[in-house]
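Undergrad: Coordinates in upload06.cif, mmCIF, C-alpha atoms, are listed below.
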data_upload
#
loop_
_atom_site.label_atom_id
_atom_site.label_comp_id
_atom_site.auth_asym_id
_atom_site.auth_seq_id
_atom_site.Cartn_x
_atom_site.Cartn_y
_atom_site.Cartn_z
CA MET A 112 243.06 118.58 24.01
CA GLN A 113 243.64 114.84 23.82
CA ASP A 114 247.04 115.40 22.23
CA ILE A 115 248.12 117.69 25.06
CA LEU A 116 246.93 115.12 27.60
CA PHE A 117 248.89 112.42 25.76
CA TYR A 118 252.10 114.43 25.99
CA ILE A 119 251.51 115.21 29.67
CA PHE A 120 250.85 111.58 30.64
CA ALA A 121 253.68 110.24 28.47
CA TYR A 122 256.13 112.70 29.99
CA LEU A 123 254.97 111.86 33.51
CA ALA A 124 255.21 108.11 32.89
CA LEU A 125 258.75 108.37 31.54
CA GLN A 126 259.89 110.79 34.22
CA PHE A 127 258.53 108.66 37.06
CA GLY A 128 259.87 105.51 35.40
CA PHE A 129 263.31 107.08 35.34
CA LEU A 130 262.98 107.92 39.02
CA VAL A 131 262.09 104.27 39.75
CA VAL A 132 265.29 102.88 38.29
CA ALA A 133 267.81 105.70 38.81
CA ASN A 134 266.70 108.20 41.40
CA PRO A 135 269.62 110.59 41.88
CA PHE A 136 268.55 111.55 45.39
CA SER A 137 267.63 108.29 47.04
CA ARG A 138 268.45 104.61 46.71
CA ASN A 139 265.66 103.63 49.06
CA PRO A 140 263.41 100.86 47.61
CA VAL A 141 260.38 102.57 49.21
CA THR A 142 261.00 105.65 47.06
CA SER A 143 261.24 103.45 43.98
CA ALA A 144 257.97 101.73 44.88
CA MET A 145 256.20 105.07 45.33
CA PHE A 146 257.41 106.31 41.96
CA LEU A 147 256.33 103.01 40.39
CA VAL A 148 252.80 103.70 41.72
CA LEU A 149 252.91 107.11 40.01
CA THR A 150 254.18 105.55 36.76
CA ILE A 151 251.32 103.07 36.80
CA ALA A 152 248.82 105.84 37.42
CA SER A 153 250.17 107.80 34.45
CA LEU A 154 249.90 104.66 32.31
CA ALA A 155 246.29 104.32 33.42
CA GLY A 156 245.80 107.85 32.11
CA LEU A 157 247.23 106.79 28.76
CA PHE A 158 244.86 103.79 28.76
CA VAL A 159 241.93 106.15 29.22
CA LEU A 160 243.16 108.20 26.26
CA LEU A 161 243.17 104.93 24.27
CA HIS A 162 239.56 104.33 25.35
CA ALA A 163 240.54 101.23 27.32
CA PHE A 164 238.42 102.22 30.30
CA PHE A 165 238.14 98.79 31.89
CA LEU A 166 241.88 98.19 31.69
CA ALA A 167 242.59 101.62 33.17
CA ALA A 168 240.43 100.71 36.17
CA VAL A 169 242.06 97.28 36.47
CA GLN A 170 245.50 98.88 36.21
CA VAL A 171 244.79 101.17 39.13
CA LEU A 172 243.01 98.54 41.23
CA VAL A 173 245.31 95.57 40.67
CA TYR A 174 248.70 97.19 40.05
CA ALA A 175 248.66 100.39 42.04
CA GLY A 176 246.44 98.82 44.69
CA ALA A 177 247.26 95.17 45.25
CA VAL A 178 250.68 94.56 43.72
CA MET A 179 252.32 97.68 45.09
CA VAL A 180 250.93 97.10 48.57
CA LEU A 181 252.53 93.64 48.38
CA PHE A 182 255.82 95.27 47.39
CA LEU A 183 255.68 97.72 50.26
CA PHE A 184 254.83 94.94 52.73
CA VAL A 185 257.88 92.95 51.64
CA ILE A 186 260.13 96.03 51.76
CA MET A 187 259.02 96.62 55.32
CA LEU A 188 259.51 92.94 56.23
CA LEU A 189 263.09 93.01 54.96
CA ASP A 190 265.11 95.52 56.90
CA LEU A 191 267.05 97.20 54.08
CA ARG A 192 269.11 99.85 55.82
CA ALA A 193 272.24 99.17 53.81
CA GLU A 194 270.51 99.93 50.53
CA GLU A 195 270.41 103.63 51.15
CA ARG A 196 274.17 103.80 50.82
CA GLU A 197 274.26 101.79 47.63
CA ARG A 198 275.77 103.62 44.68
CA LEU A 199 275.57 102.72 41.05
CA ARG A 200 278.84 101.38 39.71
CA THR A 201 280.27 102.63 36.46
CA PHE A 202 280.64 99.21 34.89
CA GLU A 203 277.03 98.26 35.56
CA VAL A 204 275.71 101.62 34.42
CA VAL A 205 277.66 101.30 31.17
CA ALA A 206 276.44 97.75 30.63
CA GLY A 207 272.86 98.85 31.31
CA LEU A 208 273.13 101.84 28.99
CA ILE A 209 274.55 99.73 26.18
CA SER A 210 271.87 97.04 26.38
CA ALA A 211 269.01 99.49 26.90
CA GLY A 212 270.29 101.63 24.04
CA ALA A 213 270.63 98.59 21.80
CA ILE A 214 267.07 97.41 22.36
CA LEU A 215 265.78 100.97 22.00
CA PHE A 216 267.65 101.23 18.69
CA ILE A 217 266.05 97.97 17.50
CA PHE A 218 262.55 99.19 18.43
CA LEU A 219 262.93 102.62 16.87
CA ALA A 220 264.60 101.26 13.73
CA THR A 221 261.72 98.83 13.30
CA LEU A 222 259.27 101.67 13.76
CA VAL A 223 261.05 103.90 11.24
CA HIS A 224 261.45 101.19 8.61
CA SER A 225 257.90 99.87 8.82
CA PRO A 226 255.81 102.80 10.00
CA PRO A 227 252.20 102.13 10.95
CA GLY A 228 249.98 102.72 7.94
CA ILE A 229 247.43 105.44 7.51
CA GLN A 230 244.82 104.70 10.13
CA GLN A 231 241.15 105.02 9.68
CA SER A 232 239.60 106.67 12.69
CA PRO A 233 239.89 104.22 15.60
CA THR A 234 236.61 102.98 16.95
CA ALA A 235 237.56 100.18 19.38
CA GLU A 236 235.99 100.92 22.75
CA GLY A 237 237.33 98.86 25.65
CA GLY A 238 234.29 99.12 27.85
CA THR A 239 233.36 96.50 30.41
CA ILE A 240 230.51 95.10 28.31
CA ALA A 241 232.55 94.56 25.15
CA LEU A 242 235.51 93.05 27.00
CA GLY A 243 233.33 90.85 29.18
CA ARG A 244 231.40 89.53 26.20
CA LEU A 245 234.66 88.59 24.45
CA LEU A 246 236.18 87.15 27.62
CA PHE A 247 233.27 84.85 28.35
CA SER A 248 232.68 83.65 24.81
CA HIS A 249 235.81 83.43 22.72
CA TYR A 250 238.36 83.46 25.53
CA LEU A 251 236.52 81.29 28.05
CA LEU A 252 239.14 78.52 28.20
CA PRO A 253 242.16 80.82 28.78
CA PHE A 254 240.11 82.61 31.42
CA GLU A 255 239.51 79.36 33.31
CA ILE A 256 243.15 78.32 32.95
CA VAL A 257 244.24 81.63 34.46
CA SER A 258 242.13 80.87 37.52
CA VAL A 259 244.02 77.58 37.91
CA LEU A 260 247.29 79.51 37.54
CA LEU A 261 246.28 81.85 40.35
CA LEU A 262 245.43 78.86 42.54
CA VAL A 263 248.85 77.32 41.83
CA ALA A 264 250.56 80.62 42.66
CA MET A 265 248.62 80.83 45.93
CA VAL A 266 249.56 77.30 46.97
CA GLY A 267 253.19 77.99 46.03
CA VAL A 268 253.32 81.17 48.08
CA VAL A 269 251.83 79.45 51.13
CA LEU A 270 254.40 76.66 50.82
CA LEU A 271 257.31 79.07 50.33
CA SER A 272 256.31 81.14 53.32
CA LYS A 273 256.34 78.22 55.74
CA LYS A 274 258.72 78.67 58.60
CA ASN A 275 260.92 75.61 58.17
CA LEU A 276 261.03 74.89 54.49
CA LYS A 277 262.12 71.32 53.77
CA MET B 92 250.45 116.88 14.73
CA ASN B 93 247.98 114.17 15.54
CA VAL B 94 248.92 111.60 18.13
CA GLY B 95 248.87 108.20 16.46
CA LEU B 96 250.04 104.67 16.97
CA GLY B 97 253.68 105.63 16.46
CA HIS B 98 253.70 108.02 19.42
CA TYR B 99 252.40 105.38 21.79
CA LEU B 100 254.92 102.84 20.49
CA VAL B 101 257.80 105.26 21.08
CA VAL B 102 256.67 105.85 24.67
CA SER B 103 256.35 102.09 25.16
CA ALA B 104 259.84 101.47 23.73
CA LEU B 105 261.36 104.12 26.01
CA LEU B 106 259.66 102.65 29.07
CA PHE B 107 260.86 99.16 28.13
CA ALA B 108 264.44 100.40 27.73
CA LEU B 109 264.24 102.12 31.12
CA GLY B 110 263.10 98.87 32.71
CA LEU B 111 265.89 96.91 31.05
CA PHE B 112 268.42 99.45 32.27
CA GLY B 113 267.08 99.06 35.80
CA VAL B 114 267.28 95.27 35.66
CA ILE B 115 270.92 95.37 34.60
CA ALA B 116 272.23 98.34 36.56
CA ARG B 117 270.53 97.94 39.95
CA ARG B 118 271.59 95.26 42.39
CA ASN B 119 268.74 95.24 44.86
CA LEU B 120 266.41 92.32 44.12
CA LEU B 121 263.29 94.35 44.93
CA VAL B 122 264.24 97.20 42.62
CA ILE B 123 265.02 94.66 39.88
CA TYR B 124 261.52 93.30 40.37
CA MET B 125 260.05 96.78 40.07
CA SER B 126 261.98 97.31 36.83
CA LEU B 127 260.50 94.05 35.54
CA GLU B 128 257.05 95.44 36.30
CA LEU B 129 257.98 98.54 34.33
CA MET B 130 258.86 96.38 31.31
CA LEU B 131 255.58 94.47 31.59
CA ASN B 132 253.71 97.76 31.71
CA ALA B 133 255.51 99.01 28.61
CA ALA B 134 254.41 95.87 26.75
CA ASN B 135 250.86 96.42 28.00
CA LEU B 136 250.86 99.97 26.66
CA ALA B 137 251.98 98.77 23.23
CA LEU B 138 249.27 96.08 23.22
CA VAL B 139 246.52 98.52 24.16
CA ALA B 140 247.69 100.98 21.51
CA PHE B 141 247.68 98.27 18.85
CA SER B 142 244.24 97.15 19.94
CA ARG B 143 242.89 100.69 19.73
CA PHE B 144 244.35 101.54 16.34
CA THR B 145 243.47 98.24 14.63
CA ASN B 146 239.90 98.22 15.98
CA ASN B 147 240.42 94.82 17.56
CA LEU B 148 239.70 94.11 21.21
CA ASP B 149 241.85 90.96 21.38
CA GLY B 150 244.88 93.00 22.41
CA GLN B 151 243.06 94.28 25.48
CA ILE B 152 242.10 90.72 26.46
CA LEU B 153 245.80 89.84 26.23
CA VAL B 154 246.63 92.78 28.51
CA PHE B 155 244.04 91.49 30.97
CA PHE B 156 245.82 88.11 31.06
CA VAL B 157 249.24 89.77 31.33
CA ILE B 158 248.08 91.70 34.39
CA THR B 159 246.78 88.49 36.00
CA VAL B 160 249.98 86.57 35.29
CA ALA B 161 252.07 89.51 36.52
CA ALA B 162 250.18 89.49 39.81
CA ALA B 163 250.85 85.75 40.24
CA GLU B 164 254.49 86.24 39.27
CA VAL B 165 254.97 89.07 41.75
CA SER B 166 253.44 87.10 44.62
CA VAL B 167 255.62 84.03 43.99
CA GLY B 168 258.74 86.14 43.37
CA LEU B 169 258.31 88.16 46.54
CA ALA B 170 257.75 84.98 48.56
CA LEU B 171 261.02 83.65 47.11
CA ILE B 172 262.81 86.88 48.06
CA VAL B 173 261.49 86.66 51.61
CA ALA B 174 262.56 83.01 51.90
CA LEU B 175 265.99 83.94 50.54
CA TYR B 176 266.28 86.82 52.99
CA ARG B 177 265.52 84.47 55.88
CA LYS B 178 268.44 82.25 54.83
CA ARG B 179 270.98 84.87 53.75
CA ARG B 180 269.93 88.07 55.56
CA SER B 181 270.33 89.95 52.31
CA ALA B 182 268.35 90.96 49.23
CA HIS B 183 271.36 91.79 47.14
CA VAL B 184 272.23 89.98 43.93
CA GLU B 185 275.92 90.08 44.79
CA ASP B 186 275.38 87.94 47.87
CA LEU B 187 273.73 85.15 45.88
CA THR B 188 276.80 83.28 44.78
CA ALA B 189 275.77 79.70 45.50
CA MET B 190 275.97 78.75 41.82
CA LYS B 191 279.30 80.48 41.21
CA LEU B 192 282.14 78.15 40.28
#
Could I get this file's structure written as structure tokens?
TA:
Amino acid sequence: MQDILFYIFAYLALQFGFLVVANPFSRNPVTSAMFLVLTIASLAGLFVLLHAFFLAAVQVLVYAGAVMVLFLFVIMLLDLRAEERERLRTFEVVAGLISAGAILFIFLATLVHSPPGIQQSPTAEGGTIALGRLLFSHYLLPFEIVSVLLLVAMVGVVLLSKKNLK
Amino acid sequence: MNVGLGHYLVVSALLFALGLFGVIARRNLLVIYMSLELMLNAANLALVAFSRFTNNLDGQILVFFVITVAAAEVSVGLALIVALYRKRRSAHVEDLTAMKL
């Protein structure tokens, strides 16, 4: 059952991811954003299959909720009519295929040459309690530093969005 | 055949390659940003798979931090795109030639 679900979610994630970058029917950024939401939801499904329940919830809340709404807001702010006529150019498609194929070859060759060993049955459970305990004991300092990072990002965004930037 | 670590890593590698293809082939800044998000998500999937199959929760903590940093990065990047659009009336990489010789 879990194996079938893995194949379903993996296929959906890859299919929607392909539609984000190279949708044959539409070049509209809104379409890409919608398919990115679906990709993220499929990845959340994969996280659940990996027993990372907290991260699956965070993925849906933060990515599909907050980040994508930000994307859609910006797409609507910028009036992007001309994009719908944009066509992929051969040179750029070839360059993209070569580099993507090269990095895919590196990944898969690494995987083939040093395959993951025989696993004992996995027992790691990414529940909220376990993650929270780790986050507030061993990873307390990085956690606090991330809060400073978010503050810096917020100040930067407010400054960048000012009307007459000096 | 049982789904193991290798299967998840293959899916993650494919997603990463898709994102890289998008970054290079597309010319709309917003779509390039979405492809970057795709690559970050592929890395997250690999980290969660490693964490699950090595019985070690540290990988999931790293994913937590990656999600936070990605949110900060997206907010700053989109603010930059909006500021750029105000100046140039365009969100196209081809129109950003200020540093061209």
Undergrad: To one decimal place in Å, what is the distance between CA of Asn134 (chain A) and CA of Leu109 (chain B)?
TA: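 Calculated distance between CA of Asn134 (chain A) and CA of Leu109 (chain B) is 12.2 Å.
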Undergrad: Hey, which of B:Leu105, B:Asp186, B:Leu192, B:Ala174 ends up closest to Ala137 (chain B)? Count only C-alpha atoms.
TA: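 Of B:Leu105, B:Asp186, B:Leu192, B:Ala174, the one nearest Ala137 (chain B) is B:Leu105, counting only C-alpha atoms.
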Undergrad: For CA of Ile158 (chain B) and CA of Tyr124 (chain B), quote the distance in Å rounded to one decimal.
TA: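 Distance between the two atoms: 14.8 Å.
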Undergrad: Any chance you could work out the residue set of the PyMOL selection byres ((chain B) within 6 of (chain A)) here, as an MDAnalysis selection string?
TA: chainID B and resid 94 108 111:113 115:116 143:144 146 163 167 170
Undergrad: Under the rule that all atoms listed in the file are counted, which of B:Leu175, B:Val184, B:Leu131, B:Ala189 is the nearest residue to Phe155 (chain B)?
TA: B:Leu131
Undergrad: Convert the output of the PyMOL selection byres ((chain B and resi 138) around 12) on the shown file into explicit residues, formatted as a PyMOL selection string.
TA: (chain A and resi 158+161+163+166) or (chain B and resi 96+99-100+103-104+131-137+139-145+147-157)
Undergrad: Quick one, how far is CA of Glu255 (chain A) from CA of Ala167 (chain A)?
TA: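 If I compute the distance from CA of Glu255 (chain A) to CA of Ala167 (chain A), I get 22.5 Å.
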Undergrad: Output the residue selection produced by the PyMOL selection byres ((chain B and resi 187) around 12) on the file above, formatted as a list in words.
TA: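 When the PyMOL selection byres ((chain B and resi 187) around 12) is applied to the shown file, the picked residues are Arg118, Asn119, Leu120, Ile172, Leu175, Tyr176, Lys178, Arg179, Arg180, Ser181, Ala182, His183, Val184, Glu185, Asp186, Thr188, Ala189, Met190 and Lys191 of chain B.
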